[in-house]
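Have a look at structure.csv below; it lists CSV, N, CA and C atoms.
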chain,number,residue,atom,x,y,z
A,281,MET,N,104.8,-111.0,-33.2
A,281,MET,CA,103.4,-111.0,-33.3
A,281,MET,C,102.8,-112.3,-32.8
A,282,ILE,N,103.5,-113.4,-33.0
A,282,ILE,CA,103.0,-114.7,-32.5
A,282,ILE,C,102.8,-114.6,-31.0
A,283,LEU,N,103.8,-114.1,-30.3
A,283,LEU,CA,103.7,-114.1,-28.8
A,283,LEU,C,102.7,-113.1,-28.4
A,284,ILE,N,102.5,-112.0,-29.1
A,284,ILE,CA,101.4,-111.0,-28.7
A,284,ILE,C,100.0,-111.6,-28.9
A,285,ARG,N,99.9,-112.3,-30.0
A,285,ARG,CA,98.6,-113.0,-30.3
A,285,ARG,C,98.3,-114.0,-29.2
A,286,LYS,N,99.3,-114.8,-28.9
A,286,LYS,CA,99.1,-115.9,-27.8
A,286,LYS,C,98.9,-115.2,-26.5
A,287,GLY,N,99.6,-114.2,-26.2
A,287,GLY,CA,99.4,-113.5,-24.9
A,287,GLY,C,98.0,-112.9,-24.8
A,288,THR,N,97.5,-112.3,-25.9
A,288,THR,CA,96.2,-111.8,-25.9
A,288,THR,C,95.1,-112.8,-25.6
A,289,ARG,N,95.2,-114.0,-26.2
A,289,ARG,CA,94.3,-115.1,-26.0
A,289,ARG,C,94.3,-115.5,-24.5
A,290,LYS,N,95.5,-115.7,-24.0
A,290,LYS,CA,95.7,-116.2,-22.6
A,290,LYS,C,95.2,-115.1,-21.6
A,291,ALA,N,95.5,-113.9,-21.9
A,291,ALA,CA,95.1,-112.8,-21.0
A,291,ALA,C,93.5,-112.7,-20.9
A,292,ILE,N,92.9,-112.8,-22.1
A,292,ILE,CA,91.4,-112.8,-22.1
A,292,ILE,C,90.9,-114.0,-21.4
A,293,GLU,N,91.5,-115.2,-21.6
A,293,GLU,CA,91.1,-116.4,-20.9
A,293,GLU,C,91.2,-116.2,-19.4
A,294,LEU,N,92.3,-115.6,-18.9
A,294,LEU,CA,92.6,-115.4,-17.5
A,294,LEU,C,91.6,-114.5,-16.9
A,295,SER,N,91.1,-113.5,-17.7
A,295,SER,CA,90.2,-112.5,-17.2
A,295,SER,C,88.9,-113.1,-16.7
A,296,THR,N,88.6,-114.3,-17.2
A,296,THR,CA,87.3,-115.0,-16.7
A,296,THR,C,87.5,-115.7,-15.4
A,297,LYS,N,88.8,-115.8,-15.0
A,297,LYS,CA,89.1,-116.6,-13.8
A,297,LYS,C,89.7,-115.7,-12.7
A,298,LYS,N,90.1,-114.5,-13.0
A,298,LYS,CA,90.7,-113.6,-12.0
A,298,LYS,C,89.9,-112.3,-11.8
A,299,ASP,N,90.1,-111.7,-10.7
A,299,ASP,CA,89.4,-110.4,-10.4
A,299,ASP,C,90.3,-109.3,-11.1
A,300,LEU,N,89.9,-109.0,-12.3
A,300,LEU,CA,90.7,-108.0,-13.1
A,300,LEU,C,90.8,-106.6,-12.4
A,301,ASN,N,89.7,-106.2,-11.9
A,301,ASN,CA,89.7,-104.8,-11.2
A,301,ASN,C,90.7,-104.7,-10.1
A,302,THR,N,90.7,-105.8,-9.3
A,302,THR,CA,91.7,-105.8,-8.1
A,302,THR,C,93.1,-105.8,-8.6
A,303,ILE,N,93.4,-106.6,-9.7
A,303,ILE,CA,94.7,-106.6,-10.2
A,303,ILE,C,95.1,-105.3,-10.9
A,304,ILE,N,94.2,-104.7,-11.6
A,304,ILE,CA,94.5,-103.4,-12.2
A,304,ILE,C,94.8,-102.3,-11.1
A,305,GLU,N,94.0,-102.3,-10.0
A,305,GLU,CA,94.3,-101.4,-8.9
A,305,GLU,C,95.6,-101.5,-8.3
A,306,SER,N,96.1,-102.8,-8.2
A,306,SER,CA,97.4,-103.0,-7.5
A,306,SER,C,98.6,-103.0,-8.4
A,307,SER,N,98.3,-102.9,-9.7
A,307,SER,CA,99.5,-103.0,-10.7
A,307,SER,C,100.1,-101.6,-10.9
A,308,GLN,N,101.4,-101.6,-11.2
A,308,GLN,CA,102.1,-100.4,-11.6
A,308,GLN,C,102.6,-100.6,-13.0
A,309,ILE,N,102.3,-99.6,-13.8
A,309,ILE,CA,102.7,-99.7,-15.2
A,309,ILE,C,103.9,-98.8,-15.4
A,310,ASN,N,105.0,-99.5,-15.9
A,310,ASN,CA,106.2,-98.7,-16.1
A,310,ASN,C,106.7,-99.0,-17.5
A,311,LEU,N,106.5,-98.1,-18.4
A,311,LEU,CA,106.9,-98.2,-19.8
A,311,LEU,C,108.3,-97.6,-20.0
A,312,GLN,N,108.8,-96.9,-19.1
A,312,GLN,CA,110.1,-96.2,-19.3
A,312,GLN,C,111.2,-97.1,-19.5
A,313,GLU,N,111.2,-98.3,-18.9
A,313,GLU,CA,112.3,-99.3,-19.1
A,313,GLU,C,112.3,-99.8,-20.5
A,314,LEU,N,111.2,-99.7,-21.2
A,314,LEU,CA,111.1,-100.1,-22.6
A,314,LEU,C,111.5,-99.0,-23.6
A,315,ASP,N,111.6,-97.8,-23.1
A,315,ASP,CA,112.0,-96.7,-24.0
A,315,ASP,C,113.3,-96.8,-24.6
A,316,VAL,N,114.3,-97.5,-23.9
A,316,VAL,CA,115.6,-97.6,-24.4
A,316,VAL,C,115.7,-98.5,-25.6
A,317,ILE,N,114.6,-99.3,-25.9
A,317,ILE,CA,114.6,-100.2,-27.0
A,317,ILE,C,114.6,-99.4,-28.3
A,318,ALA,N,114.1,-98.2,-28.3
A,318,ALA,CA,114.0,-97.3,-29.5
A,318,ALA,C,115.3,-96.7,-29.8
A,319,ILE,N,116.3,-96.8,-28.9
A,319,ILE,CA,117.6,-96.1,-29.1
A,319,ILE,C,118.6,-97.1,-29.6
A,320,HIS,N,119.1,-96.8,-30.9
A,320,HIS,CA,120.1,-97.7,-31.5
A,320,HIS,C,121.4,-97.8,-30.7
A,321,LYS,N,121.9,-98.9,-30.4
A,321,LYS,CA,123.1,-99.2,-29.7
A,321,LYS,C,123.0,-98.8,-28.2
A,322,SER,N,121.8,-98.7,-27.7
A,322,SER,CA,121.7,-98.3,-26.3
A,322,SER,C,122.0,-99.5,-25.3
A,323,PHE,N,122.1,-100.7,-25.8
A,323,PHE,CA,122.4,-101.9,-25.0
A,323,PHE,C,123.0,-102.9,-25.9
A,324,ASP,N,123.7,-103.9,-25.3
A,324,ASP,CA,124.3,-105.0,-26.1
A,324,ASP,C,123.3,-106.1,-26.3
A,325,TRP,N,123.2,-106.5,-27.6
A,325,TRP,CA,122.3,-107.6,-27.9
A,325,TRP,C,122.7,-108.2,-29.2
A,326,ILE,N,122.9,-109.5,-29.2
A,326,ILE,CA,123.2,-110.2,-30.4
A,326,ILE,C,122.0,-110.9,-30.9
A,327,ARG,N,121.5,-110.5,-32.1
A,327,ARG,CA,120.3,-111.1,-32.6
A,327,ARG,C,120.5,-112.6,-33.0
A,328,PRO,N,119.5,-113.4,-32.7
A,328,PRO,CA,119.6,-114.8,-33.1
A,328,PRO,C,119.7,-114.9,-34.7
A,329,GLU,N,120.3,-116.0,-35.1
A,329,GLU,CA,120.5,-116.2,-36.6
A,329,GLU,C,119.2,-116.1,-37.3
A,330,HIS,N,118.1,-116.6,-36.8
A,330,HIS,CA,116.8,-116.6,-37.5
A,330,HIS,C,116.2,-115.2,-37.7
A,331,MET,N,116.8,-114.2,-37.0
A,331,MET,CA,116.4,-112.9,-37.2
A,331,MET,C,117.3,-112.0,-38.1
A,332,GLU,N,118.3,-112.7,-38.6
A,332,GLU,CA,119.2,-112.0,-39.5
A,332,GLU,C,118.5,-111.6,-40.8
A,333,PRO,N,118.6,-110.3,-41.2
A,333,PRO,CA,117.9,-109.9,-42.4
A,333,PRO,C,118.5,-110.6,-43.6
A,334,GLU,N,117.7,-111.0,-44.5
A,334,GLU,CA,118.1,-111.7,-45.7
A,334,GLU,C,118.1,-110.7,-47.0
A,335,GLY,N,117.4,-109.6,-46.9
A,335,GLY,CA,117.4,-108.6,-48.0
A,335,GLY,C,116.6,-109.1,-49.2
A,336,GLU,N,115.7,-110.1,-49.0
A,336,GLU,CA,115.0,-110.6,-50.1
A,336,GLU,C,113.6,-110.1,-50.2
A,337,THR,N,113.1,-109.3,-49.3
A,337,THR,CA,111.7,-108.9,-49.3
A,337,THR,C,111.7,-107.5,-49.9
A,338,GLU,N,110.8,-107.3,-50.8
A,338,GLU,CA,110.6,-106.0,-51.5
A,338,GLU,C,110.0,-105.0,-50.6
A,339,LEU,N,110.4,-103.7,-50.8
A,339,LEU,CA,109.9,-102.6,-50.0
A,339,LEU,C,108.4,-102.6,-49.8
A,340,GLY,N,107.7,-102.8,-50.9
A,340,GLY,CA,106.2,-102.7,-50.9
A,340,GLY,C,105.7,-103.8,-50.0
A,341,GLN,N,106.3,-105.0,-50.0
A,341,GLN,CA,105.9,-106.1,-49.1
A,341,GLN,C,106.1,-105.8,-47.6
A,342,ILE,N,107.3,-105.1,-47.4
A,342,ILE,CA,107.6,-104.7,-46.0
A,342,ILE,C,106.6,-103.7,-45.5
A,343,ARG,N,106.3,-102.7,-46.3
A,343,ARG,CA,105.3,-101.7,-45.9
A,343,ARG,C,103.9,-102.4,-45.6
A,344,ALA,N,103.5,-103.3,-46.5
A,344,ALA,CA,102.2,-104.0,-46.3
A,344,ALA,C,102.2,-104.8,-45.0
A,345,LEU,N,103.3,-105.5,-44.7
A,345,LEU,CA,103.5,-106.3,-43.5
A,345,LEU,C,103.4,-105.4,-42.3
A,346,LEU,N,104.1,-104.3,-42.3
A,346,LEU,CA,104.1,-103.4,-41.1
A,346,LEU,C,102.7,-102.8,-40.9
A,347,ASP,N,102.0,-102.4,-42.0
A,347,ASP,CA,100.6,-101.9,-41.9
A,347,ASP,C,99.7,-103.0,-41.3
A,348,ASN,N,99.9,-104.2,-41.8
A,348,ASN,CA,99.0,-105.3,-41.2
A,348,ASN,C,99.3,-105.5,-39.7
A,349,GLN,N,100.6,-105.5,-39.4
A,349,GLN,CA,100.9,-105.7,-38.0
A,349,GLN,C,100.4,-104.5,-37.1
A,350,ILE,N,100.4,-103.3,-37.6
A,350,ILE,CA,99.9,-102.2,-36.8
A,350,ILE,C,98.4,-102.4,-36.6
A,351,ASN,N,97.7,-102.7,-37.7
A,351,ASN,CA,96.3,-102.9,-37.6
A,351,ASN,C,95.9,-104.1,-36.7
A,352,GLU,N,96.7,-105.1,-36.8
A,352,GLU,CA,96.4,-106.3,-35.9
A,352,GLU,C,96.6,-105.9,-34.4
A,353,CYS,N,97.7,-105.1,-34.1
A,353,CYS,CA,97.9,-104.7,-32.8
A,353,CYS,C,96.7,-103.8,-32.3
A,354,LYS,N,96.2,-102.9,-33.2
A,354,LYS,CA,95.0,-102.1,-32.8
A,354,LYS,C,93.8,-103.0,-32.5
A,355,GLU,N,93.6,-104.0,-33.3
A,355,GLU,CA,92.5,-104.9,-33.0
A,355,GLU,C,92.7,-105.7,-31.7
A,356,LEU,N,93.9,-106.2,-31.4
A,356,LEU,CA,94.2,-106.9,-30.2
A,356,LEU,C,94.0,-106.0,-29.0
A,357,LEU,N,94.4,-104.7,-29.1
A,357,LEU,CA,94.2,-103.8,-28.0
A,357,LEU,C,92.7,-103.6,-27.8
A,358,LYS,N,91.9,-103.5,-28.8
A,358,LYS,CA,90.4,-103.4,-28.7
A,358,LYS,C,89.9,-104.6,-27.9
A,359,GLU,N,90.4,-105.8,-28.2
A,359,GLU,CA,89.9,-107.0,-27.6
A,359,GLU,C,90.3,-107.0,-26.1
A,360,MET,N,91.3,-106.3,-25.7
A,360,MET,CA,91.8,-106.2,-24.3
A,360,MET,C,91.5,-104.8,-23.7
A,361,SER,N,90.4,-104.2,-24.1
A,361,SER,CA,90.1,-102.8,-23.7
A,361,SER,C,89.7,-102.6,-22.3
A,362,ASN,N,89.6,-103.7,-21.5
A,362,ASN,CA,89.3,-103.5,-20.1
A,362,ASN,C,90.5,-103.8,-19.2
A,363,GLY,N,91.6,-103.9,-19.8
A,363,GLY,CA,92.8,-104.1,-19.0
A,363,GLY,C,93.3,-105.5,-18.9
A,364,GLU,N,92.7,-106.4,-19.7
A,364,GLU,CA,93.1,-107.8,-19.6
A,364,GLU,C,94.5,-108.1,-19.9
A,365,GLY,N,95.2,-107.2,-20.7
A,365,GLY,CA,96.5,-107.5,-21.1
A,365,GLY,C,97.6,-107.5,-20.0
A,366,ILE,N,97.2,-107.0,-18.8
A,366,ILE,CA,98.1,-107.1,-17.7
A,366,ILE,C,98.2,-108.5,-17.1
A,367,LEU,N,97.2,-109.3,-17.4
A,367,LEU,CA,97.1,-110.6,-16.8
A,367,LEU,C,98.1,-111.7,-17.3
A,368,TYR,N,98.6,-111.5,-18.4
A,368,TYR,CA,99.5,-112.5,-19.0
A,368,TYR,C,100.9,-111.9,-19.3
A,369,LYS,N,101.9,-112.6,-18.8
A,369,LYS,CA,103.3,-112.1,-19.0
A,369,LYS,C,104.1,-113.1,-19.7
A,370,THR,N,105.1,-112.5,-20.5
A,370,THR,CA,106.0,-113.3,-21.3
A,370,THR,C,107.4,-112.8,-20.9
A,371,THR,N,108.4,-113.7,-20.9
A,371,THR,CA,109.7,-113.4,-20.6
A,371,THR,C,110.4,-112.8,-21.8
A,372,MET,N,110.9,-111.6,-21.6
A,372,MET,CA,111.6,-110.9,-22.7
A,372,MET,C,113.1,-110.8,-22.3
A,373,THR,N,113.9,-111.5,-23.1
A,373,THR,CA,115.3,-111.6,-22.8
A,373,THR,C,116.1,-110.3,-23.3
A,374,VAL,N,115.5,-109.6,-24.3
A,374,VAL,CA,116.2,-108.5,-24.8
A,374,VAL,C,116.4,-107.5,-23.7
A,375,ASN,N,117.7,-107.0,-23.6
A,375,ASN,CA,118.1,-106.1,-22.5
A,375,ASN,C,117.7,-106.5,-21.1
A,376,ASN,N,117.5,-107.8,-20.9
A,376,ASN,CA,117.2,-108.4,-19.6
A,376,ASN,C,115.9,-107.7,-19.0
A,377,LEU,N,114.9,-107.6,-19.9
A,377,LEU,CA,113.7,-106.9,-19.4
A,377,LEU,C,112.8,-107.8,-18.5
A,378,GLY,N,113.0,-109.1,-18.6
A,378,GLY,CA,112.3,-110.0,-17.7
A,378,GLY,C,110.8,-110.2,-18.1
A,379,LYS,N,109.9,-110.3,-17.2
A,379,LYS,CA,108.5,-110.6,-17.5
A,379,LYS,C,107.8,-109.2,-17.9
A,380,ILE,N,107.2,-109.3,-19.1
A,380,ILE,CA,106.4,-108.1,-19.5
A,380,ILE,C,105.0,-108.6,-19.9
A,381,ASP,N,104.0,-107.7,-19.7
A,381,ASP,CA,102.7,-108.1,-20.0
A,381,ASP,C,102.4,-107.8,-21.5
A,382,VAL,N,101.2,-108.1,-21.9
A,382,VAL,CA,100.9,-108.0,-23.4
A,382,VAL,C,100.9,-106.6,-23.8
A,383,TYR,N,100.5,-105.6,-23.0
A,383,TYR,CA,100.6,-104.2,-23.4
A,383,TYR,C,102.0,-103.8,-23.5
A,384,GLN,N,102.8,-104.2,-22.6
A,384,GLN,CA,104.2,-103.9,-22.6
A,384,GLN,C,104.9,-104.5,-23.9
A,385,TYR,N,104.5,-105.7,-24.2
A,385,TYR,CA,105.0,-106.3,-25.4
A,385,TYR,C,104.7,-105.6,-26.7
A,386,ILE,N,103.5,-105.1,-26.8
A,386,ILE,CA,103.1,-104.3,-27.9
A,386,ILE,C,103.9,-103.0,-27.9
A,387,TYR,N,104.1,-102.4,-26.8
A,387,TYR,CA,104.9,-101.2,-26.7
A,387,TYR,C,106.4,-101.5,-27.1
A,388,PHE,N,106.9,-102.6,-26.6
A,388,PHE,CA,108.2,-103.0,-27.0
A,388,PHE,C,108.3,-103.1,-28.6
A,389,LEU,N,107.3,-103.7,-29.2
A,389,LEU,CA,107.3,-103.8,-30.6
A,389,LEU,C,107.3,-102.5,-31.3
A,390,CYS,N,106.6,-101.5,-30.8
A,390,CYS,CA,106.5,-100.2,-31.3
A,390,CYS,C,107.9,-99.5,-31.2
A,391,GLN,N,108.5,-99.7,-30.0
A,391,GLN,CA,109.8,-99.0,-29.8
A,391,GLN,C,110.9,-99.7,-30.7
A,392,HIS,N,110.8,-100.9,-30.9
A,392,HIS,CA,111.7,-101.6,-31.8
A,392,HIS,C,111.6,-101.1,-33.2
A,393,ALA,N,110.3,-100.9,-33.7
A,393,ALA,CA,110.1,-100.3,-35.0
A,393,ALA,C,110.6,-98.9,-35.1
A,394,LYS,N,110.4,-98.2,-34.0
A,394,LYS,CA,110.9,-96.8,-34.0
A,394,LYS,C,112.5,-96.7,-34.2
A,395,ARG,N,113.1,-97.7,-33.5
A,395,ARG,CA,114.6,-97.8,-33.6
A,395,ARG,C,115.0,-98.0,-35.1
A,396,HIS,N,114.3,-98.9,-35.8
A,396,HIS,CA,114.6,-99.1,-37.2
A,396,HIS,C,114.3,-97.9,-38.0
A,397,ILE,N,113.3,-97.2,-37.7
A,397,ILE,CA,112.9,-96.0,-38.5
A,397,ILE,C,114.0,-94.9,-38.4
A,398,VAL,N,114.5,-94.7,-37.1
A,398,VAL,CA,115.6,-93.8,-36.9
A,398,VAL,C,116.9,-94.2,-37.6
A,399,GLN,N,117.2,-95.5,-37.6
A,399,GLN,CA,118.3,-96.0,-38.4
A,399,GLN,C,118.2,-95.7,-39.9
A,400,MET,N,117.0,-95.9,-40.4
A,400,MET,CA,116.8,-95.7,-41.8
A,400,MET,C,116.9,-94.2,-42.1
A,401,GLN,N,116.4,-93.3,-41.3
A,401,GLN,CA,116.5,-91.9,-41.5
A,401,GLN,C,118.0,-91.5,-41.5
A,402,LYS,N,118.8,-92.1,-40.6
A,402,LYS,CA,120.2,-91.7,-40.6
A,402,LYS,C,120.9,-92.2,-41.9
A,403,VAL,N,120.5,-93.3,-42.4
A,403,VAL,CA,121.1,-93.8,-43.7
A,403,VAL,C,120.7,-92.8,-44.8
A,404,ILE,N,119.5,-92.4,-44.8
A,404,ILE,CA,119.0,-91.4,-45.9
A,404,ILE,C,119.8,-90.1,-45.7
A,405,GLU,N,120.0,-89.6,-44.5
A,405,GLU,CA,120.7,-88.4,-44.3
A,405,GLU,C,122.2,-88.5,-44.8
A,406,GLU,N,122.8,-89.6,-44.5
A,406,GLU,CA,124.2,-89.9,-44.9
A,406,GLU,C,124.3,-90.0,-46.4
A,407,TYR,N,123.3,-90.7,-47.0
A,407,TYR,CA,123.3,-90.8,-48.5
A,407,TYR,C,123.1,-89.4,-49.1
A,408,SER,N,122.2,-88.6,-48.6
A,408,SER,CA,122.0,-87.3,-49.1
A,408,SER,C,123.2,-86.4,-49.0
A,409,LYS,N,123.9,-86.5,-47.9
A,409,LYS,CA,125.2,-85.7,-47.7
A,409,LYS,C,126.2,-86.1,-48.7
A,410,SER,N,126.4,-87.5,-48.9
A,410,SER,CA,127.4,-87.9,-49.8
A,410,SER,C,127.0,-87.6,-51.3
A,411,SER,N,125.8,-87.6,-51.6
A,411,SER,CA,125.3,-87.2,-53.0
A,411,SER,C,125.5,-85.7,-53.2
A,412,GLU,N,125.3,-84.9,-52.2
A,412,GLU,CA,125.6,-83.5,-52.4
A,412,GLU,C,127.0,-83.1,-52.5
A,413,ALA,N,127.9,-83.9,-51.9
A,413,ALA,CA,129.3,-83.7,-51.9
A,413,ALA,C,129.9,-84.0,-53.3
A,414,GLU,N,129.2,-84.8,-54.1
A,414,GLU,CA,129.8,-85.2,-55.4
A,414,GLU,C,129.6,-84.2,-56.4
Write-out of the structure in structure tokens:
Amino acid sequence: MILIRKGTRKAIELSTKKDLNTIIESSQINLQELDVIAIHKSFDWIRPEHMEPEGETELGQIRALLDNQINECKELLKEMSNGEGILYKTTMTVNNLGKIDVYQYIYFLCQHAKRHIVQMQKVIEEYSKSSEAE
């Protein structure tokens, strides 16, 4: 979220200095390369140590955090409602994605969350099956 916030500020700032309409007309949006992020084990990636889950956060806190992040992303998208998000790019090393704009970064975040949801659903299914077998 930190990089998305920063990217939004920079994109809006750049929109005062660049011809946004010309850039929008010449840009090609490709979100398909980000779809793979939603699929568990679809690429090799070793998470950095600072991203290792500690298991110390309560479920209610996690839900509140995710709700806040979703609402913040919606607000940032409103701030960039004229296409400003394409003006600022960040390097994404995950799956060698390279430079992605702010909109793509938000989409990346959504796909990442989707992957975790699917993982959790699989755990629930496995637990249900093992409980029924007993």
With a distance cut-off of 12 Å and only C-alpha atoms, select the neighbouring residues of Ser307 of chain A, excluding the residue or stretch itself and same-chain residues fewer than 2 positions from it, and output the selection as a PyMOL selection string. chain A and resi 300-305+309-310+363-367+381
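When atom CA of Trp325 of chain A is paired with atom CA of Met400 of chain A, their separation reads 19.1 Å.
Applying the 6.5 Å criterion to (103.7, -109.4, -37.7) in file coordinates and using only N, CA and C atoms, one obtains the residues Met281, Ile282, Leu345, Asn348 and Gln349 of chain A.
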Within 8 Å of Leu311 of chain A, counting all atoms listed in the file, which residues show up once you throw out same-chain ones fewer than 4 positions away? Write them as a PyMOL selection string, please. chain A and resi 315-316+384+387
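One distance worth recording is that between atom CA of Tyr385 of chain A and atom CA of Leu283 of chain A, which is 8.6 Å.
The nearest approach to Arg327 of chain A among the residues A:Met360, A:Leu339, A:Val374, A:Leu389, with only C-alpha atoms taken into account, belongs to A:Val374.
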Atom N of Ile317 of chain A to atom N of Asn375 of chain A, distance in Å rounded to a single decimal: 8.6 Å
Using backbone DSSP assignments, extract all strand (DSSP E or B) residues from chain A; output them as a PyMOL selection string. chain A and resi 369-372+378-381
Give the helix (DSSP H, G or I) residues of segment 287-413 of chain A, as assigned by DSSP on the backbone, as number ranges by chain. A: 287-295, 300-306, 312-318, 329-331, 339-359, 364-367, 374-376, 382-413
Completed segment 285-305 of chain A (N, CA, C and O atoms) as a PDB file, in the coordinates of the input:
ATOM      1  N   ARG A 285      99.900-112.300 -30.000  1.00  0.00           N
ATOM      2  CA  ARG A 285      98.600-113.000 -30.300  1.00  0.00           C
ATOM      3  C   ARG A 285      98.300-114.000 -29.200  1.00  0.00           C
ATOM      4  O   ARG A 285      97.193-114.069 -28.594  1.00  0.00           O
ATOM      5  N   LYS A 286      99.300-114.800 -28.900  1.00  0.00           N
ATOM      6  CA  LYS A 286      99.100-115.900 -27.800  1.00  0.00           C
ATOM      7  C   LYS A 286      98.900-115.200 -26.500  1.00  0.00           C
ATOM      8  O   LYS A 286      97.969-115.659 -25.733  1.00  0.00           O
ATOM      9  N   GLY A 287      99.600-114.200 -26.200  1.00  0.00           N
ATOM     10  CA  GLY A 287      99.400-113.500 -24.900  1.00  0.00           C
ATOM     11  C   GLY A 287      98.000-112.900 -24.800  1.00  0.00           C
ATOM     12  O   GLY A 287      97.404-112.905 -23.709  1.00  0.00           O
ATOM     13  N   THR A 288      97.500-112.300 -25.900  1.00  0.00           N
ATOM     14  CA  THR A 288      96.200-111.800 -25.900  1.00  0.00           C
ATOM     15  C   THR A 288      95.100-112.800 -25.600  1.00  0.00           C
ATOM     16  O   THR A 288      94.247-112.640 -24.706  1.00  0.00           O
ATOM     17  N   ARG A 289      95.200-114.000 -26.200  1.00  0.00           N
ATOM     18  CA  ARG A 289      94.300-115.100 -26.000  1.00  0.00           C
ATOM     19  C   ARG A 289      94.300-115.500 -24.500  1.00  0.00           C
ATOM     20  O   ARG A 289      93.303-115.704 -23.893  1.00  0.00           O
ATOM     21  N   LYS A 290      95.500-115.700 -24.000  1.00  0.00           N
ATOM     22  CA  LYS A 290      95.700-116.200 -22.600  1.00  0.00           C
ATOM     23  C   LYS A 290      95.200-115.100 -21.600  1.00  0.00           C
ATOM     24  O   LYS A 290      94.602-115.492 -20.637  1.00  0.00           O
ATOM     25  N   ALA A 291      95.500-113.900 -21.900  1.00  0.00           N
ATOM     26  CA  ALA A 291      95.100-112.800 -21.000  1.00  0.00           C
ATOM     27  C   ALA A 291      93.500-112.700 -20.900  1.00  0.00           C
ATOM     28  O   ALA A 291      92.962-112.613 -19.848  1.00  0.00           O
ATOM     29  N   ILE A 292      92.900-112.800 -22.100  1.00  0.00           N
ATOM     30  CA  ILE A 292      91.400-112.800 -22.100  1.00  0.00           C
ATOM     31  C   ILE A 292      90.900-114.000 -21.400  1.00  0.00           C
ATOM     32  O   ILE A 292      89.902-113.910 -20.603  1.00  0.00           O
ATOM     33  N   GLU A 293      91.500-115.200 -21.600  1.00  0.00           N
ATOM     34  CA  GLU A 293      91.100-116.400 -20.900  1.00  0.00           C
ATOM     35  C   GLU A 293      91.200-116.200 -19.400  1.00  0.00           C
ATOM     36  O   GLU A 293      90.339-116.577 -18.599  1.00  0.00           O
ATOM     37  N   LEU A 294      92.300-115.600 -18.900  1.00  0.00           N
ATOM     38  CA  LEU A 294      92.600-115.400 -17.500  1.00  0.00           C
ATOM     39  C   LEU A 294      91.600-114.500 -16.900  1.00  0.00           C
ATOM     40  O   LEU A 294      91.289-114.542 -15.713  1.00  0.00           O
ATOM     41  N   SER A 295      91.100-113.500 -17.700  1.00  0.00           N
ATOM     42  CA  SER A 295      90.200-112.500 -17.200  1.00  0.00           C
ATOM     43  C   SER A 295      88.900-113.100 -16.700  1.00  0.00           C
ATOM     44  O   SER A 295      88.173-112.485 -15.904  1.00  0.00           O
ATOM     45  N   THR A 296      88.600-114.300 -17.200  1.00  0.00           N
ATOM     46  CA  THR A 296      87.300-115.000 -16.700  1.00  0.00           C
ATOM     47  C   THR A 296      87.500-115.700 -15.400  1.00  0.00           C
ATOM     48  O   THR A 296      86.582-116.070 -14.738  1.00  0.00           O
ATOM     49  N   LYS A 297      88.800-115.800 -15.000  1.00  0.00           N
ATOM     50  CA  LYS A 297      89.100-116.600 -13.800  1.00  0.00           C
ATOM     51  C   LYS A 297      89.700-115.700 -12.700  1.00  0.00           C
ATOM     52  O   LYS A 297      89.784-116.182 -11.528  1.00  0.00           O
ATOM     53  N   LYS A 298      90.100-114.500 -13.000  1.00  0.00           N
ATOM     54  CA  LYS A 298      90.700-113.600 -12.000  1.00  0.00           C
ATOM     55  C   LYS A 298      89.900-112.300 -11.800  1.00  0.00           C
ATOM     56  O   LYS A 298      89.127-111.940 -12.707  1.00  0.00           O
ATOM     57  N   ASP A 299      90.100-111.700 -10.700  1.00  0.00           N
ATOM     58  CA  ASP A 299      89.400-110.400 -10.400  1.00  0.00           C
ATOM     59  C   ASP A 299      90.300-109.300 -11.100  1.00  0.00           C
ATOM     60  O   ASP A 299      91.214-108.797 -10.474  1.00  0.00           O
ATOM     61  N   LEU A 300      89.900-109.000 -12.300  1.00  0.00           N
ATOM     62  CA  LEU A 300      90.700-108.000 -13.100  1.00  0.00           C
ATOM     63  C   LEU A 300      90.800-106.600 -12.400  1.00  0.00           C
ATOM     64  O   LEU A 300      91.871-106.054 -12.368  1.00  0.00           O
ATOM     65  N   ASN A 301      89.700-106.200 -11.900  1.00  0.00           N
ATOM     66  CA  ASN A 301      89.700-104.800 -11.200  1.00  0.00           C
ATOM     67  C   ASN A 301      90.700-104.700 -10.100  1.00  0.00           C
ATOM     68  O   ASN A 301      91.407-103.738  -9.949  1.00  0.00           O
ATOM     69  N   THR A 302      90.700-105.800  -9.300  1.00  0.00           N
ATOM     70  CA  THR A 302      91.700-105.800  -8.100  1.00  0.00           C
ATOM     71  C   THR A 302      93.100-105.800  -8.600  1.00  0.00           C
ATOM     72  O   THR A 302      93.975-105.064  -8.106  1.00  0.00           O
ATOM     73  N   ILE A 303      93.400-106.600  -9.700  1.00  0.00           N
ATOM     74  CA  ILE A 303      94.700-106.600 -10.200  1.00  0.00           C
ATOM     75  C   ILE A 303      95.100-105.300 -10.900  1.00  0.00           C
ATOM     76  O   ILE A 303      96.261-104.849 -10.689  1.00  0.00           O
ATOM     77  N   ILE A 304      94.200-104.700 -11.600  1.00  0.00           N
ATOM     78  CA  ILE A 304      94.500-103.400 -12.200  1.00  0.00           C
ATOM     79  C   ILE A 304      94.800-102.300 -11.100  1.00  0.00           C
ATOM     80  O   ILE A 304      95.765-101.587 -11.249  1.00  0.00           O
ATOM     81  N   GLU A 305      94.000-102.300 -10.000  1.00  0.00           N
ATOM     82  CA  GLU A 305      94.300-101.400  -8.900  1.00  0.00           C
ATOM     83  C   GLU A 305      95.600-101.500  -8.300  1.00  0.00           C
ATOM     84  O   GLU A 305      96.249-100.556  -7.883  1.00  0.00           O
TER      85      GLU A 305
END
